[in-house]
Structure formats: C-alpha cells, structure tokens
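In what follows, a single structure is set out as structure tokens and then discussed.
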Amino acid sequence: MAYISAIAIDFGSSNTGVARIDHFENGKLTYTTPTLPCSDGHYAKDTTWFFISPLFLMKCESNWDSLTDADFKILSRINKTTEHPNVIWGRDFIKEKAELIESEGWIDFKYFKMMIYKNLPYKTNGKEYSIEFVVKLFLRIIKVDCLSMESANAKCQVTTDQVQWGITIPSIWTVENKKMMSCICSEIFGEHARVLSEPEGPVIAERLHSGAGTFKTNPGHKSLVVDSGGGTTDLCLLEDEISEENELKFKLLASSDGIGLGGNNIDDAFKDYLLRFISKDLKSDSGINYNELSDQELQKMLLEPYLQGSLAKAIDFENGWLNYKHGLDASYRIPKDYRLWLMEKGHHEIADRISDILIGDIDFGGEEMRKAIFEPVFSKITQTVYEFLVKHKDLVGNDAKTNFSFVFAGGLSLSHELRDSIKAAIRKATCCEYNEANLAYLSNSVSASIMEGASYVLLCRHSIRRKAKFYIFDMFTKLPLSHMVKYYAELGVKMSMGTLDSIAERDVEEYGAIRNYSAVPVAIKDQYFKDYETDFYAKNADNKEIKTVFYKSDDIIVCPMNNSHVEEIENFTIDNDCQEGYHCIVDFNESEIGHSMHYYVTRKDTGELIAEKSVIL
C-alpha cells in the first residue's frame, strides 16, 4: 500500500507534537517543510498531559484489543470541535473543560515519559498503571488524532498503514527502554513504523533553515548537538559526508551517554524554592514551624491542596512559572488568590509576606532565585558536555575552530545562561575560541527542530549513517569461501580464503558449529552500515515461503549453525507467490536506536514495493 503522508512524532517529557508531510515528487513521498498541527502559533507542540473519562479508561484497561479508533473521542488542537469527548489532550482544552473534568472525576496522566527510563509505574487517583500501558494509550490517542486529520484532508477514511510513522526517543535510554518503545510503536503504528533518535534531528533542521530551503554540506565539518529538553539532555557529534545521491548526509561519530536532567528538574526546584522563600522563619496559625518541615511536607501543606483545589488555577499557576522560565515574562508574579487561599487555610504569616512581595516591599526572584534554581542543573549539563568532548576530542579534530559548530535544541536551550555556560565548556575542552559563527541556535524553531529533522530522517532513511556494534551474518546452507571473500571485500574488509578456512576450523572445533552451513557477512563491527541486498526465488511451485535468518557475533565466524559463539538476532519469512522472484533490502542502520531492523521487499519483475517492515532485534 502506498503512503499518502509522513508523520514524525516528537514524544517529549514536557511537550509532544507532530510534523506532517504530504509532498510528492516523481510519485514518491519527499521531504518539504512540514506542517505542525499541534502548534498554537507560538509553540509547535502541546503539553504531554491528557485527561480521560473514568468509564473510557476502564474500557481501555479491560478491552484494549477490542477498542476501535472510533471509540476515541478526542478534544485537542487537531480536533478542536469534538462534542462529548472522552479524552482531552492539551493545556488549553484542559483549562477550558476544567469544570467537566472535576465534576466527573476524570483521570489525568502528565509528564510520564521519563518513567520509561526510570522503570516506574504511573500513580494517579490512588491507583498504579504500568508505564507501558500509559505510553500505549497516549500514542494511540496521537495516532487516532492524526488519522482523523488525514481522513479530513483526503476526504476518505485513511488507515494506519497509509501513513509513514516515525517516533523520536532519547539517546540515553537503555536497551530495555528502546526495545519497549519499539514494541509499543510496532503495536500502535504498525510494523513499518520507525523509531528515531531525538538529538540527531536538530542538526538537520538547522542545516535546512540555514540553507534557505536547500541543503548545504561541508564534507568533514563536525556538529555537536546539545539537546536539553524537559527530562533529558542528549548529545551527539555528527560529521558532514559526501553523498553519492547528492542528498544531505551525516555520519554519527559519537552519541551521548547523556543525563536524565532537564527543564523538569528546574520546575521541581522552583516549587521548593518558592515555598522556602515565603515560609522562612515563620509559623502557621496553629504554631507549626515551617523551617522544621521537609520540602515534601511543605508541598503537601502549602501547595498541593491549592493546586488540586482548582484545575484552572493550577494551570494558571504553572503557566506563570513557565512564561518566566522561558523568558516570556520579566518576573514571576505569585497569584493573588494563592494569598487568599493561604489565609483561609491558617497560614496568615505567609499571606502577609506574599502581600509584601506583591506590593514590592520584598524582592522575590532575580539573581538569587536563578542561582538557586537554575545553576545546579546548568552546572551538571555543562559538565556533561565538557566530559563528552574530552572523551571524543580526537573525533572533533585539530581544526575545530574553523570546522566545528554546535547546535542547541530543546526548551531549556532558550536560556542564555545555559548556552553561555556550554560555550565556555566547549572552549575549554577544545582549546579554541568561538564566536557566533560557530553557533547554530534555532531561536525561532527550537520547539520544532527535532520534529523537522526527524521528518527528513524518516523520508531519507540513510541521511545519518551509523556504525555496527557487532558483526551481523546471513546464513546460507553452503557457500564457497571464495564467494565469502567477495562479500567481505564489498564491505571494505580484505579477507583471504586461508583466513576464513582457519576461522571455520575454529568454529567447528571450539564452538561446536556445523561446517556445512556458512554465514555471509552483512555488517562489520565498528564500521558503518551498508544496505544488505539479496534476491529470493521459489525453488519450485510448492515453495510458498522463504525464511531468512540473521546472526550476530563479536568475532568473525564462518559456520553459524550450533555455534555457541553466535546469537540469532532475527528471522523473517517472505510469502513466495511470484515466480519472477523478489529483491530484498535489509537495513540495520537503526539497530542501536530502536533495536530494530527494517526490510523492504519488491517484485523483481515490476519493482513494486510489497512489504516494508520493522522487526525488533
């Protein structure tokens, strides 16, 4: 089935959005500047926060597999006019429907992405939900939302298989995290969905913007991406590459071990700072000394009941802080009704202090607050950047001053203090002075840079080339060693028959392999992936399917069968009803990101694409 559009989903810790492309050239879906359906005109995404009605949540828990897309009645920026919704996604609509949500006891899920990384369940309304279930529910909401948009555009019902889907994830996630996400995406969006790396998108988006619609590459030029979002800070180092197809391409030189630190940590620190500031050395009407309470006890006494008392007030409270954090407002103003609430709850001394803050007799905020809240997070991020560059200094090279730039992305990178601190760390690590010419800061599109870059990677699958972490082999029943020498040569490795013969003897003697089976190299450890291409033919009319098996190993092997030194990573079966045979391309390039491989099968006689699937390794 041919795709009618491509949608890249930036699933973020604090905000989530989608980028959509439906541009065709020569009958092929091709990159162009995407539309951003979740934009409010200022920010390209909406909050990773949704409410769901109790009855519909129960139905999702008990009858997930029987749910249809029509069961989801979503009110969101994509579907603004939904009547009688059972799901509300997005800050503005949550505030608009606050009275309905509170009166009917809807359940909310908010800022849950990093619970995948921490392997924690989501707790809400006195109940625990597995994080896998919450993510599946959210991504299905996004999918249904997008399909309704596609159907409206096409003026007919559009199915999941008609859209090319891509979903971004952080580079710091563990193997288990990435496999979970790949499995979820495969279930929600189908086997052709691709899992994409978040920090790689911004450098492509920057190049798209700086080229004014055309791609400009400078072979050998290095780019460091510093992506500081809500939950993580990811780093990656990319190098411009000459493209034989005249397409924009990069080589991934190094990806980060990053840190689980970002804007959400600053949000939490702000709450603690605010409560300490307004309660310092004071007592409640009942005589409780606030100084003796822990941060958590202060929140439970002075803030949580207020925020839970009115959903609309809680959103206003949070919006005021976010506007100040992102530099939209010069100062943070404590809501006046918070003072009234404190008086009602027996905290008159705090209410009086807030009065002094509101009339300007006490200075709240400024340098002291920024130092207490922002500096610890900024310091850790900066140190991570410095250590990354020191570790990979040989990859940056000696011409860093003239052939090296850095790209900032993520909401936290809006902070001048953070960018200045990181630039100082880069100068220290590379021993070079830099100016603004080295800085590719996406000031006007920082919230969309991941989505825009991911859209390009989604449609140009080899725009970023990666190294194999192990050897990968395809199994043949029997293949002469001379032919295997040819396969190695095609991958850039010189191998003699004598060497292969000795490896075969080792496999049989040391690892118990069966010599009648041989393994063709598909990828070489520590070298960049190339597509593996092979043809399939039916041996006879009764041969209805063809099975292919792939193995991985840390060493070169010749005989894979019963070899204790290799591991079967995947196998797939192709239905065989074409006497002319099939051509198959297997792409392992994203095996580290989503721990998956992709294969594309076309008919040899017509070139028609009949299968494109992602398989979890």
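Naming works like this for the structure tokens: A, B, ... for the chains as they're shown, residue 1 at the start of each chain, ligands 1 onward in shown order.
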Could you pull out all residues of region 200-306 of chain A with a DSSP call of strand (DSSP E) and give them as a VMD selection string? chain A and resid 222 to 228 233 to 240 250 to 255
Contacts of region 335-337 of chain A at 7 Å (only C-alpha atoms; same-chain gap of 3+ positions) as an NGL selection string: :A and (317 or 340-341)
Given only C-alpha atoms as the counted atoms, nearest of A:Ser331, A:Thr573, A:Thr402, A:Ser53 to Ile357 (chain A):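 Going through A:Ser331, A:Thr573, A:Thr402, A:Ser53 one by one, the smallest distance to Ile357 (chain A) is for A:Ser331.
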Show which residues sit within 7 Å of region 260-267 of chain A, as a list of chain:residue names. Count only C-alpha atoms, and ignore same-chain residues fewer than 4 positions away. A:Ser228, A:Gly229, A:Gly230, A:Gly231, A:Thr232, A:Thr233, A:Lys271, A:Ile373, A:Phe374, A:Leu412
Residues near Ser310 (chain A), anyone? I mean within 9 Å using only C-alpha atoms, not counting same-chain ones fewer than 6 positions away, as a ChimeraX atom specification. /A:98-99,102
Leaving out Gly320 (chain A) and any residue of its chain fewer than 2 positions from it, which residues lie within 9 Å of it when counting only C-alpha atoms, given as a PDB file with C-alpha atoms, in the first residue's frame?
ATOM      1  CA  ILE A 315      -2.829  25.729  35.113  1.00  0.00           C
ATOM      2  CA  ASP A 316      -2.579  29.492  35.667  1.00  0.00           C
ATOM      3  CA  PHE A 317      -0.016  28.917  38.431  1.00  0.00           C
ATOM      4  CA  GLU A 318       2.086  26.695  36.157  1.00  0.00           C
ATOM      5  CA  LEU A 322       6.731  28.570  32.523  1.00  0.00           C
ATOM      6  CA  ASN A 323       6.456  32.038  30.972  1.00  0.00           C
ATOM      7  CA  TYR A 324       9.077  33.316  33.387  1.00  0.00           C
ATOM      8  CA  LYS A 325      11.332  30.271  32.922  1.00  0.00           C
ATOM      9  CA  ASP A 329       7.857  37.433  31.287  1.00  0.00           C
ATOM     10  CA  TYR A 332       7.281  35.681  38.237  1.00  0.00           C
ATOM     11  CA  ARG A 333       4.175  37.015  39.974  1.00  0.00           C
ATOM     12  CA  ILE A 334       2.609  34.910  42.708  1.00  0.00           C
ATOM     13  CA  PRO A 335      -1.161  34.555  42.024  1.00  0.00           C
TER      14      PRO A 335
END
Please return, as a ChimeraX atom specification, all residues of region 305-395 of chain A that DSSP assigns to alpha helix (DSSP H) on the basis of the backbone. /A:305-309,311-325,336-344,348-359,366-373,375-391,393-395
Between A:Ser553, A:Ser5, A:Thr548, A:Asn79, which one has atoms that come closest to Thr30 (chain A), using only C-alpha atoms? A:Ser5
Residue with smallest distance to His42 (chain A) - pool A:Ala448, A:Val158, A:Leu29, A:Leu500, counting only C-alpha atoms: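 Of all the options, A:Ala448 lies closest to His42 (chain A).
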Work out how far CA of Glu297 (chain A) is from CA of Phe51 (chain A), in Å to one decimal.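 These atoms are spaced 26.9 Å apart.
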Tell me, as a ChimeraX atom specification, which residues lie within 12 Å of Lys222 (chain A), counting only C-alpha atoms; anything in the same chain fewer than 5 positions away does not count. /A:203,217,236-241,250-254,392-407,438
Would you mind telling me which residue in A:Pro560, A:Gly126, A:Pro219, A:Pro480 lies nearest to Ala519 (chain A) when using only C-alpha atoms?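 Under the stated criterion, the closest residue is A:Pro560.
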